[in-house]
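Student: Handing over run-v4.pdb, PDB, C-alpha atoms.
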MODEL        1
ATOM      1  CA  MET A   1     -12.118  35.430   0.919
ATOM      2  CA  PRO A   2     -13.962  32.844   3.052
ATOM      3  CA  HIS A   3     -11.901  29.990   4.398
ATOM      4  CA  ILE A   4     -12.396  26.294   3.842
ATOM      5  CA  VAL A   5     -11.704  23.160   5.861
ATOM      6  CA  ALA A   6      -9.882  20.204   4.313
ATOM      7  CA  ASP A   7      -9.815  16.513   5.090
ATOM      8  CA  THR A   8      -6.721  14.381   4.556
ATOM      9  CA  THR A   9      -7.465  12.624   1.267
ATOM     10  CA  PRO A  10      -7.808  15.655  -1.033
ATOM     11  CA  LEU A  11      -4.660  17.222   0.405
ATOM     12  CA  ASN A  12      -2.820  13.924  -0.013
ATOM     13  CA  TYR A  13      -3.727  13.587  -3.694
ATOM     14  CA  LEU A  14      -3.234  17.262  -4.540
ATOM     15  CA  VAL A  15       0.276  16.998  -3.071
ATOM     16  CA  LEU A  16       0.990  13.785  -5.011
ATOM     17  CA  ILE A  17       0.005  15.363  -8.339
ATOM     18  CA  ASP A  18       1.789  18.666  -7.600
ATOM     19  CA  ALA A  19      -1.435  20.675  -7.582
ATOM     20  CA  VAL A  20      -1.864  21.572  -3.892
ATOM     21  CA  ASP A  21      -0.782  25.161  -4.549
ATOM     22  CA  ILE A  22      -4.106  25.841  -6.267
ATOM     23  CA  LEU A  23      -5.851  25.738  -2.874
ATOM     24  CA  PRO A  24      -4.671  29.142  -1.619
ATOM     25  CA  ARG A  25      -5.322  30.624  -5.067
ATOM     26  CA  LEU A  26      -8.888  29.337  -5.017
ATOM     27  CA  TYR A  27      -9.760  29.651  -1.345
ATOM     28  CA  GLY A  28      -7.204  31.695   0.558
ATOM     29  CA  ARG A  29      -6.819  30.125   4.001
ATOM     30  CA  VAL A  30      -7.298  26.401   4.450
ATOM     31  CA  LEU A  31      -8.057  25.075   7.917
ATOM     32  CA  ILE A  32      -7.380  21.527   9.083
ATOM     33  CA  PRO A  33      -7.965  19.844  12.428
ATOM     34  CA  PRO A  34      -4.992  18.256  14.235
ATOM     35  CA  ALA A  35      -6.223  14.771  13.206
ATOM     36  CA  VAL A  36      -5.718  15.657   9.533
ATOM     37  CA  LYS A  37      -2.189  16.933  10.240
ATOM     38  CA  THR A  38      -1.500  13.643  12.065
ATOM     39  CA  GLU A  39      -2.786  11.563   9.146
ATOM     40  CA  LEU A  40      -0.712  13.542   6.625
ATOM     41  CA  SER A  41       2.367  12.998   8.806
ATOM     42  CA  ASP A  42       1.752   9.296   9.428
ATOM     43  CA  PRO A  43       4.764   7.038   8.703
ATOM     44  CA  LEU A  44       2.570   5.094   6.250
ATOM     45  CA  ALA A  45       1.700   8.226   4.256
ATOM     46  CA  PRO A  46       3.687   8.749   1.044
ATOM     47  CA  GLY A  47       7.044  10.428   1.661
ATOM     48  CA  GLN A  48       6.127  13.360  -0.560
ATOM     49  CA  VAL A  49       3.015  13.966   1.552
ATOM     50  CA  ARG A  50       4.883  13.642   4.874
ATOM     51  CA  SER A  51       7.511  16.079   3.650
ATOM     52  CA  TRP A  52       4.852  18.564   2.539
ATOM     53  CA  ALA A  53       2.999  18.231   5.863
ATOM     54  CA  SER A  54       6.173  19.036   7.800
ATOM     55  CA  ARG A  55       6.457  22.451   6.114
ATOM     56  CA  SER A  56       4.978  25.605   7.554
ATOM     57  CA  LEU A  57       2.680  27.139   4.960
ATOM     58  CA  PRO A  58       1.196  30.607   5.425
ATOM     59  CA  TRP A  59      -2.177  29.530   4.024
ATOM     60  CA  LEU A  60      -2.590  26.234   5.938
ATOM     61  CA  HIS A  61      -3.721  26.507   9.566
ATOM     62  CA  VAL A  62      -4.139  23.706  12.093
ATOM     63  CA  VAL A  63      -7.126  24.591  14.265
ATOM     64  CA  THR A  64      -8.029  22.743  17.462
ATOM     65  CA  LEU A  65     -11.665  21.761  17.853
ATOM     66  CA  ARG A  66     -13.663  23.633  20.488
ATOM     67  CA  ALA A  67     -15.694  20.505  21.306
ATOM     68  CA  PRO A  68     -15.392  16.786  20.584
ATOM     69  CA  ALA A  69     -16.996  15.445  17.434
ATOM     70  CA  ASP A  70     -20.652  14.443  17.610
ATOM     71  CA  SER A  71     -21.104  10.760  18.485
ATOM     72  CA  SER A  72     -23.065  10.252  15.254
ATOM     73  CA  LEU A  73     -19.778  10.723  13.371
ATOM     74  CA  MET A  74     -17.888   7.940  15.160
ATOM     75  CA  HIS A  75     -18.228   5.609  12.149
ATOM     76  CA  LEU A  76     -15.884   7.921  10.210
ATOM     77  CA  ASP A  77     -12.113   8.047  10.525
ATOM     78  CA  PRO A  78     -10.677  10.725  12.851
ATOM     79  CA  GLY A  79      -9.689  13.113  10.048
ATOM     80  CA  GLU A  80     -13.117  13.043   8.430
ATOM     81  CA  ARG A  81     -14.927  13.287  11.756
ATOM     82  CA  ASP A  82     -12.842  16.231  12.935
ATOM     83  CA  ALA A  83     -12.889  18.010   9.557
ATOM     84  CA  ILE A  84     -16.697  17.935   9.578
ATOM     85  CA  THR A  85     -16.753  19.175  13.165
ATOM     86  CA  LEU A  86     -14.261  21.953  12.415
ATOM     87  CA  ALA A  87     -16.165  23.044   9.290
ATOM     88  CA  ALA A  88     -19.347  23.340  11.352
ATOM     89  CA  GLU A  89     -17.597  25.173  14.206
ATOM     90  CA  GLN A  90     -15.865  27.618  11.880
ATOM     91  CA  GLN A  91     -18.898  28.054   9.616
ATOM     92  CA  ALA A  92     -16.571  27.297   6.714
ATOM     93  CA  SER A  93     -17.792  28.122   3.249
ATOM     94  CA  LEU A  94     -16.655  24.729   1.985
ATOM     95  CA  LEU A  95     -15.425  21.336   3.161
ATOM     96  CA  LEU A  96     -12.870  19.589   0.979
ATOM     97  CA  MET A  97     -13.558  15.853   1.325
ATOM     98  CA  ASP A  98     -13.605  12.835  -0.999
ATOM     99  CA  GLU A  99     -14.947   9.955   1.068
ATOM    100  CA  ARG A 100     -18.567   9.212   0.260
ATOM    101  CA  ASP A 101     -19.744   8.488   3.832
ATOM    102  CA  GLY A 102     -18.015  11.566   5.202
ATOM    103  CA  ALA A 103     -19.381  13.805   2.443
ATOM    104  CA  ALA A 104     -22.892  12.482   3.085
ATOM    105  CA  ALA A 105     -22.556  13.143   6.823
ATOM    106  CA  ALA A 106     -21.293  16.670   6.091
ATOM    107  CA  ARG A 107     -24.132  17.411   3.689
ATOM    108  CA  ALA A 108     -26.619  16.140   6.294
ATOM    109  CA  ARG A 109     -25.227  18.958   8.477
ATOM    110  CA  ASN A 110     -25.820  21.482   5.670
ATOM    111  CA  LEU A 111     -22.125  21.795   4.844
ATOM    112  CA  LYS A 112     -21.101  22.412   1.251
ATOM    113  CA  VAL A 113     -18.669  19.699   0.124
ATOM    114  CA  VAL A 114     -16.317  19.467  -2.841
ATOM    115  CA  GLY A 115     -13.789  16.754  -3.592
ATOM    116  CA  THR A 116     -10.421  16.576  -5.289
ATOM    117  CA  LEU A 117     -11.985  16.342  -8.757
ATOM    118  CA  GLY A 118     -14.180  19.366  -8.138
ATOM    119  CA  VAL A 119     -11.225  21.463  -7.001
ATOM    120  CA  LEU A 120      -9.254  20.475 -10.097
ATOM    121  CA  ASP A 121     -12.243  21.256 -12.316
ATOM    122  CA  VAL A 122     -12.665  24.758 -10.860
ATOM    123  CA  ALA A 123      -8.944  25.473 -11.294
ATOM    124  CA  ALA A 124      -9.037  24.159 -14.878
ATOM    125  CA  ALA A 125     -12.062  26.350 -15.660
ATOM    126  CA  ARG A 126      -9.984  29.341 -14.550
ATOM    127  CA  GLY A 127      -7.136  28.250 -16.808
ATOM    128  CA  TRP A 128      -4.769  27.520 -13.930
ATOM    129  CA  LEU A 129      -4.051  23.902 -14.807
ATOM    130  CA  ASP A 130      -4.589  21.256 -17.469
ATOM    131  CA  LEU A 131      -7.359  18.907 -16.353
ATOM    132  CA  VAL A 132      -6.275  16.128 -18.729
ATOM    133  CA  GLU A 133      -2.773  16.175 -17.239
ATOM    134  CA  MET A 134      -4.046  16.324 -13.649
ATOM    135  CA  PHE A 135      -6.389  13.366 -14.208
ATOM    136  CA  SER A 136      -3.549  11.470 -15.834
ATOM    137  CA  ARG A 137      -1.410  12.089 -12.755
ATOM    138  CA  LEU A 138      -4.270  11.029 -10.466
ATOM    139  CA  ARG A 139      -4.609   7.740 -12.344
ATOM    140  CA  ARG A 140      -0.976   6.985 -11.485
ATOM    141  CA  THR A 141      -1.814   7.165  -7.774
ATOM    142  CA  THR A 142      -4.189   5.103  -5.662
ATOM    143  CA  PHE A 143      -6.977   7.666  -6.239
ATOM    144  CA  ARG A 144     -10.288   5.990  -7.033
ATOM    145  CA  SER A 145     -13.250   7.598  -8.741
ATOM    146  CA  PRO A 146     -15.846   6.231 -11.134
ATOM    147  CA  HIS A 147     -14.355   6.446 -14.634
ATOM    148  CA  ARG A 148     -17.570   7.973 -15.961
ATOM    149  CA  VAL A 149     -17.268  10.927 -13.553
ATOM    150  CA  MET A 150     -13.781  11.782 -14.776
ATOM    151  CA  ALA A 151     -14.799  11.207 -18.413
ATOM    152  CA  THR A 152     -17.763  13.575 -18.057
ATOM    153  CA  MET A 153     -15.590  16.233 -16.448
ATOM    154  CA  LEU A 154     -13.039  15.921 -19.253
ATOM    155  CA  GLU A 155     -15.813  16.310 -21.836
ATOM    156  CA  GLN A 156     -17.047  19.444 -20.085
ATOM    157  CA  ASP A 157     -13.497  20.768 -19.926
ATOM    158  CA  ALA A 158     -13.079  20.198 -23.676
ATOM    159  CA  GLN A 159     -16.342  22.097 -24.268
ATOM    160  CA  ARG A 160     -15.129  25.017 -22.143
ATOM    161  CA  LYS A 161     -11.938  25.195 -24.200
ATOM    162  CA  LYS A 162     -13.943  25.235 -27.449
ATOM    163  CA  ASN A 163     -16.352  27.903 -26.204
ATOM    164  CA  PRO A 164     -14.387  30.204 -23.905
TER
ENDMDL
END
Mind turning the file's structure into structure tokens?
Tutor:
Amino acid sequence: MPHIVADTTPLNYLVLIDAVDILPRLYGRVLIPPAVKTELSDPLAPGQVRSWASRSLPWLHVVTLRAPADSSLMHLDPGERDAITLAAEQQASLLLMDERDGAAAARARNLKVVGTLGVLDVAAARGWLDLVEMFSRLRRTTFRSPHRVMATMLEQDAQRKKNP
């Protein structure tokens, strides 16, 4: 199974909604750069996220970059910048990232990007979780996404359930 690289935000929200365990089921190994580990462990991060980040997980690997991030990525935060760099270095099959600017920069480098909602949608399509419940949990966090995107995904999920 090809590995993926993750940025901080999707991991943060998947931990907060108790859905992070779908990542190894979907993707096997998940790689993160040290900057993402640092952001997840930051004193300002939610306690649940800091606690999760302190655990040793067999499917989550912190990988040091071989070279510094490209200067064209300096407008991004360190986690995004390093996640994009790591995904390119590792020829990852997928980059898990939510931030619009970071996702655009990754796509400009021909990286395939999926966000938190996309991961939840794939897991729901496989019957591993309830998308309505997961979106409800997300709404109780600081997660921000256009309402219409979530509404469309919920409609598609309802259609899948009607026509398995």
Student: For atom CA of Leu117 of chain A and atom CA of Met150 of chain A, determine how far apart the two atoms are, in Å to one decimal place.
Tutor: 7.8 Å
Student: With the file shown as input, list the residues that the PyMOL selection byres ((chain A and resi 134) around 10) selects, as a list of chain:residue names.
Tutor: A:Leu14, A:Ile17, A:Asp18, A:Ala19, A:Leu117, A:Leu120, A:Asp121, A:Ala124, A:Leu129, A:Asp130, A:Leu131, A:Val132, A:Glu133, A:Phe135, A:Ser136, A:Arg137, A:Leu138, A:Arg139
Student: Run the PyMOL selection byres ((chain A and resi 102) around 10) mentally over the shown coordinates, then write out the matched residues as a list in words, using the chain letters and numbers from the document.
Tutor: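 Checked against the file, the PyMOL selection byres ((chain A and resi 102) around 10) matches Asp7, Leu73, His75, Leu76, Asp77, Gly79, Glu80, Arg81, Ala83, Ile84, Met97, Asp98, Glu99, Arg100, Asp101, Ala103, Ala104, Ala105, Ala106, Arg107, Ala108 and Val113 of chain A.
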Student: So, with only C-alpha atoms as the atoms that count, which of A:Gly127, A:Gly115, A:Gly47, A:Pro78 lies closest to Ala6 of chain A?
Tutor: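 Smallest distance to Ala6 of chain A is found for A:Gly115.
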Student: Looking at A:Arg66, A:Arg29, A:His3, A:Lys161, which one is nearest to Arg126 of chain A, with distances taken over all atoms listed in the file?
Tutor: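 Distance minimum relative to Arg126 of chain A lands on A:Lys161.
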Student: Using only C-alpha atoms for the distances, tell me which of A:Ala69, A:Leu31, A:Leu16, A:Thr116 is nearest to Ser93 of chain A.
Tutor: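 Nearest candidate to Ser93 of chain A out of A:Ala69, A:Leu31, A:Leu16, A:Thr116: A:Leu31.
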Student: Quick check, in Å to one decimal: how far apart do atom CA of Tyr13 of chain A and atom CA of Phe143 of chain A lie?
Tutor: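 Computing it gives 7.2 Å between the two atoms.
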Student: When distances are computed from only C-alpha atoms, which of A:Val15, A:Val49, A:Val63, A:Ile4 shows the smallest separation from Tyr27 of chain A?
Tutor: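 Looking at the shortest contact to Tyr27 of chain A, the residue is A:Ile4.
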Student: Please expand the PyMOL selection byres ((chain A and resi 51) around 12) into the concrete residues it hits in this file, giving the result as a count of residues only.
Tutor: 19
Student: Calculate how many Å separate atom CA of Gly28 of chain A from atom CA of Val122 of chain A, rounding to one decimal.
Tutor: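 Those two atoms sit 14.4 Å apart.
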Student: Using only C-alpha atoms for the distances, tell me which of A:Thr141, A:Met74, A:Ala88, A:Val36 is nearest to His61 of chain A.
Tutor: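 Selected residue with least distance to His61 of chain A: A:Val36.
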Student: Using all atoms listed in the file, can you tell me which of A:Gln91, A:Gln156, A:Ser145, A:Asn110 comes closest to Val5 of chain A?
Tutor: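 Nearest candidate to Val5 of chain A out of A:Gln91, A:Gln156, A:Ser145, A:Asn110: A:Gln91.
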